[in-house]
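Below is one structure, written out as structure tokens, with a few remarks after it.
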Amino acid sequence: MADEKNKSLLSQPLLEREKNNLPNTFLSVKLKYVKLGYHYVVSNAMYLMLMPVLCMMFAHLSTFTVVELWNKLKFNLVTAVLSSTSIVFTATLYFMSRPRKVYLVHFSCYKPGPSHIASRELFMQLSAASEVFTEQSLAFQKKILEKSGYGEMTYAPKGLMHLPPDQSMAESWSESQMVMFGAIDDLLAKTGVKPRDIGILVVNSSLFNPTPSLSARIVNHYKLRGNILSYNLGGWLLQKASF
């Protein structure tokens with residue numbers, strides 16, 4: 001039976017076989033909306049439970065005129081107080097439980113010291129002294145510097161200002177720590193946020209991806225909490241996607 005089934009599948013056209021092997025996208029779409037609906041129900045369970053009660057209250061109150069309702073509340077102080085308290089409590093609970101939209105608390109950019117300043121002239125001198133580039137390459141670099149907005153106060157890492165350039169792992173670690181910890185220290189000082197209050201950490205580095213990762217180094221350095229959601233993004237695929 002298995003051989004006959006395999007023969008029948010092989011006898012089908014290639015397009016039909018590919019269709020049979022494809023996942024059922026319609027089922028996955030339906031499952032997605034089921035998950036969204038479940039999330040909506042769970043997130044708004046309290047309001048969904050209060051809705052029938054409120055509808056019954058309004059339906060009962062609609063049977064009275066304004067004068068009749070006022071007369072009933074005027075001679076029943078306890079009911080009036082309870083009704084007002086319930087309305088105020090429900091409104092306060094609704095506005096207090098609404099999620100707050102936080103777009104950006106603050107930001108920080110690391111600024112190195114004066115020893116990292118690399119002017120155009122210094123950059124071209126270092127490129128020529130490295131004896132790696134040809135005359136055409138140096139001319140092309142000079143043209144790029146003039147058109148790319150490279151200013152006289154641009155900063156460069158220490159490793160690239162050595163002769164020959166120091167591209168060792170130790171120098172890369174030193175540069176990464178200087179930039180990351182410098183920016184994070186400044187950001188924590190601006191916001192007043194405690195490291196233990198941070199719940200999500202995302203680190204993006206397209207060129208330097210050591211082991212342990214940069215995100216792990218930040219978690220260990222600042223003693224972030226153990227259940228933090230840490231994401232370390234990097235590699236040429238990320239760099240390609242960013243274009």
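We name chains A, B, ... following the order of the structure tokens; residues begin at 1 in each chain, and ligands are numbered from 1 as shown.
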Review point. Any idea what's packed within 9 Å of Ile200 (chain A), counting only C-alpha atoms, ignoring anything in its chain fewer than 6 positions away? Could you give it as a ChimeraX atom specification?
Key: /A:228-231
Which polymer residues have any atom within 9 Å of an atom of Arg196 (chain A), counting only C-alpha atoms, with same-chain residues fewer than 3 positions away left out, as a PDB file with all heavy atoms, in the first residue's frame?
```pdb
ATOM      1  N   VAL A 193      16.596  55.736  36.355  1.00  0.00           N
ATOM      2  CA  VAL A 193      16.101  54.358  36.368  1.00  0.00           C
ATOM      3  C   VAL A 193      17.143  53.457  37.032  1.00  0.00           C
ATOM      4  O   VAL A 193      18.337  53.556  36.755  1.00  0.00           O
ATOM      5  CB  VAL A 193      15.805  53.874  34.934  1.00  0.00           C
ATOM      6  CG1 VAL A 193      15.403  52.404  34.926  1.00  0.00           C
ATOM      7  CG2 VAL A 193      14.695  54.714  34.319  1.00  0.00           C
ATOM      8  N   GLY A 199      13.552  45.609  32.196  1.00  0.00           N
ATOM      9  CA  GLY A 199      13.003  44.298  31.862  1.00  0.00           C
ATOM     10  C   GLY A 199      13.400  43.776  30.505  1.00  0.00           C
ATOM     11  O   GLY A 199      13.325  42.564  30.259  1.00  0.00           O
ATOM     12  N   TYR A 222      26.069  45.485  34.933  1.00  0.00           N
ATOM     13  CA  TYR A 222      25.119  46.297  35.689  1.00  0.00           C
ATOM     14  C   TYR A 222      24.266  45.467  36.656  1.00  0.00           C
ATOM     15  O   TYR A 222      23.367  46.021  37.291  1.00  0.00           O
ATOM     16  CB  TYR A 222      24.210  47.073  34.739  1.00  0.00           C
ATOM     17  CG  TYR A 222      24.934  48.153  33.991  1.00  0.00           C
ATOM     18  CD1 TYR A 222      25.401  47.943  32.700  1.00  0.00           C
ATOM     19  CD2 TYR A 222      25.183  49.388  34.571  1.00  0.00           C
ATOM     20  CE1 TYR A 222      26.085  48.936  32.010  1.00  0.00           C
ATOM     21  CE2 TYR A 222      25.852  50.391  33.887  1.00  0.00           C
ATOM     22  CZ  TYR A 222      26.302  50.144  32.607  1.00  0.00           C
ATOM     23  OH  TYR A 222      26.978  51.134  31.931  1.00  0.00           O
ATOM     24  N   LYS A 223      24.539  44.169  36.741  1.00  0.00           N
ATOM     25  CA  LYS A 223      23.816  43.284  37.660  1.00  0.00           C
ATOM     26  C   LYS A 223      22.311  43.370  37.432  1.00  0.00           C
ATOM     27  O   LYS A 223      21.506  43.566  38.363  1.00  0.00           O
ATOM     28  CB  LYS A 223      24.145  43.624  39.120  1.00  0.00           C
ATOM     29  CG  LYS A 223      25.617  43.536  39.464  1.00  0.00           C
ATOM     30  CD  LYS A 223      26.149  42.123  39.326  1.00  0.00           C
ATOM     31  CE  LYS A 223      27.593  42.000  39.813  1.00  0.00           C
ATOM     32  NZ  LYS A 223      28.538  42.735  38.952  1.00  0.00           N
ATOM     33  N   LEU A 224      21.916  43.251  36.152  1.00  0.00           N
ATOM     34  CA  LEU A 224      20.497  43.280  35.814  1.00  0.00           C
ATOM     35  C   LEU A 224      19.815  42.023  36.344  1.00  0.00           C
ATOM     36  O   LEU A 224      20.464  41.015  36.623  1.00  0.00           O
ATOM     37  CB  LEU A 224      20.320  43.401  34.302  1.00  0.00           C
ATOM     38  CG  LEU A 224      20.979  44.623  33.647  1.00  0.00           C
ATOM     39  CD1 LEU A 224      20.697  44.637  32.157  1.00  0.00           C
ATOM     40  CD2 LEU A 224      20.505  45.925  34.286  1.00  0.00           C
ATOM     41  N   ARG A 225      18.504  42.084  36.474  1.00  0.00           N
ATOM     42  CA  ARG A 225      17.782  40.982  37.098  1.00  0.00           C
ATOM     43  C   ARG A 225      17.847  39.720  36.240  1.00  0.00           C
ATOM     44  O   ARG A 225      18.067  39.768  35.030  1.00  0.00           O
ATOM     45  CB  ARG A 225      16.333  41.378  37.349  1.00  0.00           C
ATOM     46  CG  ARG A 225      15.535  41.710  36.108  1.00  0.00           C
ATOM     47  CD  ARG A 225      14.238  42.375  36.514  1.00  0.00           C
ATOM     48  NE  ARG A 225      13.304  42.486  35.413  1.00  0.00           N
ATOM     49  CZ  ARG A 225      12.191  43.202  35.468  1.00  0.00           C
ATOM     50  NH1 ARG A 225      11.883  43.849  36.577  1.00  0.00           N
ATOM     51  NH2 ARG A 225      11.368  43.271  34.442  1.00  0.00           N
TER      52      ARG A 225
END
```
Please return, as a PDB file with N, CA and C atoms, in the first residue's frame, all residues of region 93-189 of chain A that DSSP assigns to helix (DSSP H, G or I) on the basis of the backbone.
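And here is the file that came out, result22.pdb:
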```pdb
ATOM      1  N   LEU A  93     -11.095  53.216  38.382  1.00  0.00           N
ATOM      2  CA  LEU A  93     -10.453  51.942  38.067  1.00  0.00           C
ATOM      3  C   LEU A  93     -10.149  51.822  36.580  1.00  0.00           C
ATOM      4  N   TYR A  94     -11.059  52.327  35.760  1.00  0.00           N
ATOM      5  CA  TYR A  94     -10.849  52.248  34.309  1.00  0.00           C
ATOM      6  C   TYR A  94      -9.657  53.101  33.882  1.00  0.00           C
ATOM      7  N   PHE A  95      -9.594  54.327  34.348  1.00  0.00           N
ATOM      8  CA  PHE A  95      -8.514  55.216  33.929  1.00  0.00           C
ATOM      9  C   PHE A  95      -7.169  54.825  34.551  1.00  0.00           C
ATOM     10  N   MET A  96      -7.181  54.236  35.747  1.00  0.00           N
ATOM     11  CA  MET A  96      -5.935  53.821  36.378  1.00  0.00           C
ATOM     12  C   MET A  96      -5.359  52.561  35.745  1.00  0.00           C
ATOM     13  N   SER A  97      -6.233  51.682  35.241  1.00  0.00           N
ATOM     14  CA  SER A  97      -5.774  50.411  34.666  1.00  0.00           C
ATOM     15  C   SER A  97      -5.460  50.499  33.181  1.00  0.00           C
ATOM     16  N   PRO A 114      39.058  63.980  24.011  1.00  0.00           N
ATOM     17  CA  PRO A 114      39.791  64.659  22.932  1.00  0.00           C
ATOM     18  C   PRO A 114      40.845  63.784  22.269  1.00  0.00           C
ATOM     19  N   SER A 115      41.344  62.771  22.973  1.00  0.00           N
ATOM     20  CA  SER A 115      42.382  61.912  22.388  1.00  0.00           C
ATOM     21  C   SER A 115      41.863  61.063  21.238  1.00  0.00           C
ATOM     22  N   HIS A 116      40.560  60.976  21.071  1.00  0.00           N
ATOM     23  CA  HIS A 116      39.973  60.172  19.993  1.00  0.00           C
ATOM     24  C   HIS A 116      39.629  61.017  18.760  1.00  0.00           C
ATOM     25  N   ARG A 120      40.490  65.092   9.193  1.00  0.00           N
ATOM     26  CA  ARG A 120      40.669  64.540   7.839  1.00  0.00           C
ATOM     27  C   ARG A 120      42.145  64.317   7.534  1.00  0.00           C
ATOM     28  N   GLU A 121      42.954  65.310   7.894  1.00  0.00           N
ATOM     29  CA  GLU A 121      44.384  65.204   7.612  1.00  0.00           C
ATOM     30  C   GLU A 121      45.006  64.037   8.356  1.00  0.00           C
ATOM     31  N   LEU A 122      44.630  63.863   9.637  1.00  0.00           N
ATOM     32  CA  LEU A 122      45.174  62.759  10.413  1.00  0.00           C
ATOM     33  C   LEU A 122      44.710  61.422   9.865  1.00  0.00           C
ATOM     34  N   PHE A 123      43.450  61.365   9.446  1.00  0.00           N
ATOM     35  CA  PHE A 123      42.928  60.123   8.891  1.00  0.00           C
ATOM     36  C   PHE A 123      43.681  59.734   7.617  1.00  0.00           C
ATOM     37  N   MET A 124      43.936  60.697   6.732  1.00  0.00           N
ATOM     38  CA  MET A 124      44.662  60.399   5.498  1.00  0.00           C
ATOM     39  C   MET A 124      46.115  60.035   5.791  1.00  0.00           C
ATOM     40  N   GLN A 125      46.709  60.671   6.795  1.00  0.00           N
ATOM     41  CA  GLN A 125      48.072  60.311   7.162  1.00  0.00           C
ATOM     42  C   GLN A 125      48.152  58.875   7.678  1.00  0.00           C
ATOM     43  N   LEU A 126      47.202  58.490   8.493  1.00  0.00           N
ATOM     44  CA  LEU A 126      47.187  57.120   9.011  1.00  0.00           C
ATOM     45  C   LEU A 126      46.947  56.113   7.890  1.00  0.00           C
ATOM     46  N   SER A 127      46.077  56.438   6.952  1.00  0.00           N
ATOM     47  CA  SER A 127      45.810  55.524   5.832  1.00  0.00           C
ATOM     48  C   SER A 127      47.045  55.361   4.962  1.00  0.00           C
ATOM     49  N   ALA A 128      47.759  56.465   4.695  1.00  0.00           N
ATOM     50  CA  ALA A 128      48.967  56.389   3.868  1.00  0.00           C
ATOM     51  C   ALA A 128      50.091  55.658   4.599  1.00  0.00           C
ATOM     52  N   ALA A 129      50.206  55.869   5.917  1.00  0.00           N
ATOM     53  CA  ALA A 129      51.280  55.234   6.685  1.00  0.00           C
ATOM     54  C   ALA A 129      51.063  53.744   6.881  1.00  0.00           C
ATOM     55  N   GLU A 135      47.645  54.519  -4.456  1.00  0.00           N
ATOM     56  CA  GLU A 135      47.397  55.935  -4.686  1.00  0.00           C
ATOM     57  C   GLU A 135      45.958  56.182  -5.111  1.00  0.00           C
ATOM     58  N   GLN A 136      45.433  55.288  -5.924  1.00  0.00           N
ATOM     59  CA  GLN A 136      44.034  55.428  -6.352  1.00  0.00           C
ATOM     60  C   GLN A 136      43.074  55.262  -5.166  1.00  0.00           C
ATOM     61  N   SER A 137      43.381  54.311  -4.300  1.00  0.00           N
ATOM     62  CA  SER A 137      42.525  54.096  -3.135  1.00  0.00           C
ATOM     63  C   SER A 137      42.569  55.298  -2.198  1.00  0.00           C
ATOM     64  N   LEU A 138      43.764  55.879  -2.017  1.00  0.00           N
ATOM     65  CA  LEU A 138      43.872  57.056  -1.154  1.00  0.00           C
ATOM     66  C   LEU A 138      43.128  58.247  -1.746  1.00  0.00           C
ATOM     67  N   ALA A 139      43.196  58.409  -3.070  1.00  0.00           N
ATOM     68  CA  ALA A 139      42.459  59.494  -3.719  1.00  0.00           C
ATOM     69  C   ALA A 139      40.954  59.295  -3.574  1.00  0.00           C
ATOM     70  N   PHE A 140      40.540  58.047  -3.675  1.00  0.00           N
ATOM     71  CA  PHE A 140      39.116  57.750  -3.506  1.00  0.00           C
ATOM     72  C   PHE A 140      38.679  58.029  -2.068  1.00  0.00           C
ATOM     73  N   GLN A 141      39.506  57.648  -1.085  1.00  0.00           N
ATOM     74  CA  GLN A 141      39.190  57.931   0.309  1.00  0.00           C
ATOM     75  C   GLN A 141      39.076  59.432   0.564  1.00  0.00           C
ATOM     76  N   LYS A 142      39.968  60.205  -0.021  1.00  0.00           N
ATOM     77  CA  LYS A 142      39.919  61.646   0.173  1.00  0.00           C
ATOM     78  C   LYS A 142      38.640  62.239  -0.398  1.00  0.00           C
ATOM     79  N   LYS A 143      38.222  61.724  -1.544  1.00  0.00           N
ATOM     80  CA  LYS A 143      36.985  62.209  -2.157  1.00  0.00           C
ATOM     81  C   LYS A 143      35.771  61.847  -1.300  1.00  0.00           C
ATOM     82  N   ILE A 144      35.795  60.653  -0.729  1.00  0.00           N
ATOM     83  CA  ILE A 144      34.696  60.230   0.134  1.00  0.00           C
ATOM     84  C   ILE A 144      34.629  61.096   1.386  1.00  0.00           C
ATOM     85  N   LEU A 145      35.800  61.419   1.957  1.00  0.00           N
ATOM     86  CA  LEU A 145      35.831  62.252   3.151  1.00  0.00           C
ATOM     87  C   LEU A 145      35.233  63.631   2.892  1.00  0.00           C
ATOM     88  N   GLU A 146      35.493  64.164   1.716  1.00  0.00           N
ATOM     89  CA  GLU A 146      34.998  65.502   1.398  1.00  0.00           C
ATOM     90  C   GLU A 146      33.491  65.525   1.171  1.00  0.00           C
ATOM     91  N   LYS A 147      32.924  64.401   0.717  1.00  0.00           N
ATOM     92  CA  LYS A 147      31.509  64.376   0.359  1.00  0.00           C
ATOM     93  C   LYS A 147      30.621  63.705   1.411  1.00  0.00           C
ATOM     94  N   LYS A 158      40.711  54.053  19.230  1.00  0.00           N
ATOM     95  CA  LYS A 158      42.159  54.040  19.404  1.00  0.00           C
ATOM     96  C   LYS A 158      42.825  52.992  18.516  1.00  0.00           C
ATOM     97  N   GLY A 159      42.157  51.881  18.321  1.00  0.00           N
ATOM     98  CA  GLY A 159      42.752  50.808  17.527  1.00  0.00           C
ATOM     99  C   GLY A 159      43.058  51.220  16.104  1.00  0.00           C
ATOM    100  N   LEU A 160      42.217  52.073  15.512  1.00  0.00           N
ATOM    101  CA  LEU A 160      42.436  52.511  14.137  1.00  0.00           C
ATOM    102  C   LEU A 160      43.438  53.655  14.043  1.00  0.00           C
ATOM    103  N   MET A 161      43.821  54.218  15.171  1.00  0.00           N
ATOM    104  CA  MET A 161      44.777  55.327  15.164  1.00  0.00           C
ATOM    105  C   MET A 161      46.199  54.848  15.473  1.00  0.00           C
ATOM    106  N   MET A 169      41.258  41.271  19.593  1.00  0.00           N
ATOM    107  CA  MET A 169      40.037  41.080  20.369  1.00  0.00           C
ATOM    108  C   MET A 169      40.022  41.962  21.612  1.00  0.00           C
ATOM    109  N   ALA A 170      41.189  42.116  22.243  1.00  0.00           N
ATOM    110  CA  ALA A 170      41.253  42.946  23.453  1.00  0.00           C
ATOM    111  C   ALA A 170      40.911  44.399  23.147  1.00  0.00           C
ATOM    112  N   GLU A 171      41.436  44.925  22.047  1.00  0.00           N
ATOM    113  CA  GLU A 171      41.146  46.307  21.681  1.00  0.00           C
ATOM    114  C   GLU A 171      39.678  46.473  21.294  1.00  0.00           C
ATOM    115  N   SER A 172      39.106  45.469  20.628  1.00  0.00           N
ATOM    116  CA  SER A 172      37.688  45.525  20.272  1.00  0.00           C
ATOM    117  C   SER A 172      36.809  45.494  21.517  1.00  0.00           C
ATOM    118  N   TRP A 173      37.185  44.662  22.486  1.00  0.00           N
ATOM    119  CA  TRP A 173      36.445  44.637  23.749  1.00  0.00           C
ATOM    120  C   TRP A 173      36.520  45.993  24.440  1.00  0.00           C
ATOM    121  N   SER A 174      37.713  46.568  24.461  1.00  0.00           N
ATOM    122  CA  SER A 174      37.896  47.859  25.122  1.00  0.00           C
ATOM    123  C   SER A 174      37.049  48.938  24.464  1.00  0.00           C
ATOM    124  N   GLU A 175      37.029  48.951  23.141  1.00  0.00           N
ATOM    125  CA  GLU A 175      36.224  49.949  22.430  1.00  0.00           C
ATOM    126  C   GLU A 175      34.735  49.756  22.695  1.00  0.00           C
ATOM    127  N   SER A 176      34.269  48.494  22.681  1.00  0.00           N
ATOM    128  CA  SER A 176      32.847  48.218  22.911  1.00  0.00           C
ATOM    129  C   SER A 176      32.418  48.623  24.318  1.00  0.00           C
ATOM    130  N   GLN A 177      33.236  48.286  25.294  1.00  0.00           N
ATOM    131  CA  GLN A 177      32.902  48.651  26.669  1.00  0.00           C
ATOM    132  C   GLN A 177      32.886  50.161  26.856  1.00  0.00           C
ATOM    133  N   MET A 178      33.821  50.841  26.243  1.00  0.00           N
ATOM    134  CA  MET A 178      33.885  52.297  26.371  1.00  0.00           C
ATOM    135  C   MET A 178      32.601  52.937  25.836  1.00  0.00           C
ATOM    136  N   VAL A 179      32.151  52.491  24.678  1.00  0.00           N
ATOM    137  CA  VAL A 179      30.971  53.092  24.057  1.00  0.00           C
ATOM    138  C   VAL A 179      29.691  52.680  24.793  1.00  0.00           C
ATOM    139  N   MET A 180      29.521  51.369  25.030  1.00  0.00           N
ATOM    140  CA  MET A 180      28.284  50.885  25.639  1.00  0.00           C
ATOM    141  C   MET A 180      28.118  51.393  27.069  1.00  0.00           C
ATOM    142  N   PHE A 181      29.129  51.167  27.899  1.00  0.00           N
ATOM    143  CA  PHE A 181      29.013  51.562  29.302  1.00  0.00           C
ATOM    144  C   PHE A 181      28.944  53.082  29.457  1.00  0.00           C
ATOM    145  N   GLY A 182      29.649  53.804  28.577  1.00  0.00           N
ATOM    146  CA  GLY A 182      29.581  55.262  28.645  1.00  0.00           C
ATOM    147  C   GLY A 182      28.194  55.789  28.351  1.00  0.00           C
ATOM    148  N   ALA A 183      27.552  55.229  27.311  1.00  0.00           N
ATOM    149  CA  ALA A 183      26.195  55.674  26.954  1.00  0.00           C
ATOM    150  C   ALA A 183      25.175  55.237  27.997  1.00  0.00           C
ATOM    151  N   ILE A 184      25.305  54.020  28.509  1.00  0.00           N
ATOM    152  CA  ILE A 184      24.339  53.517  29.488  1.00  0.00           C
ATOM    153  C   ILE A 184      24.461  54.266  30.810  1.00  0.00           C
ATOM    154  N   ASP A 185      25.684  54.531  31.249  1.00  0.00           N
ATOM    155  CA  ASP A 185      25.869  55.297  32.496  1.00  0.00           C
ATOM    156  C   ASP A 185      25.225  56.672  32.389  1.00  0.00           C
ATOM    157  N   ASP A 186      25.415  57.324  31.260  1.00  0.00           N
ATOM    158  CA  ASP A 186      24.826  58.643  31.068  1.00  0.00           C
ATOM    159  C   ASP A 186      23.305  58.558  31.017  1.00  0.00           C
ATOM    160  N   LEU A 187      22.772  57.522  30.379  1.00  0.00           N
ATOM    161  CA  LEU A 187      21.326  57.362  30.265  1.00  0.00           C
ATOM    162  C   LEU A 187      20.689  57.069  31.626  1.00  0.00           C
ATOM    163  N   LEU A 188      21.313  56.226  32.424  1.00  0.00           N
ATOM    164  CA  LEU A 188      20.780  55.931  33.752  1.00  0.00           C
ATOM    165  C   LEU A 188      20.813  57.168  34.643  1.00  0.00           C
ATOM    166  N   ALA A 189      21.859  57.985  34.481  1.00  0.00           N
ATOM    167  CA  ALA A 189      21.947  59.212  35.274  1.00  0.00           C
ATOM    168  C   ALA A 189      20.863  60.209  34.867  1.00  0.00           C
TER     169      ALA A 189
END
```
Exercise for review: Please identify which residues in region 5-222 of chain A DSSP calls strand (DSSP E or B) from the backbone, and express them as a ChimeraX atom specification.
Suggested key: /A:117,155,200-205
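For the pair CA of Thr191 (chain A) and CA of Asn220 (chain A), the separation is 20.7 Å.
Across the model, the gap from CA of Asn209 (chain A) to CA of Ile117 (chain A) is 25.3 Å.
Picture a line from CA of Ala118 (chain A) to CA of Pro165 (chain A); it runs 13.9 Å.
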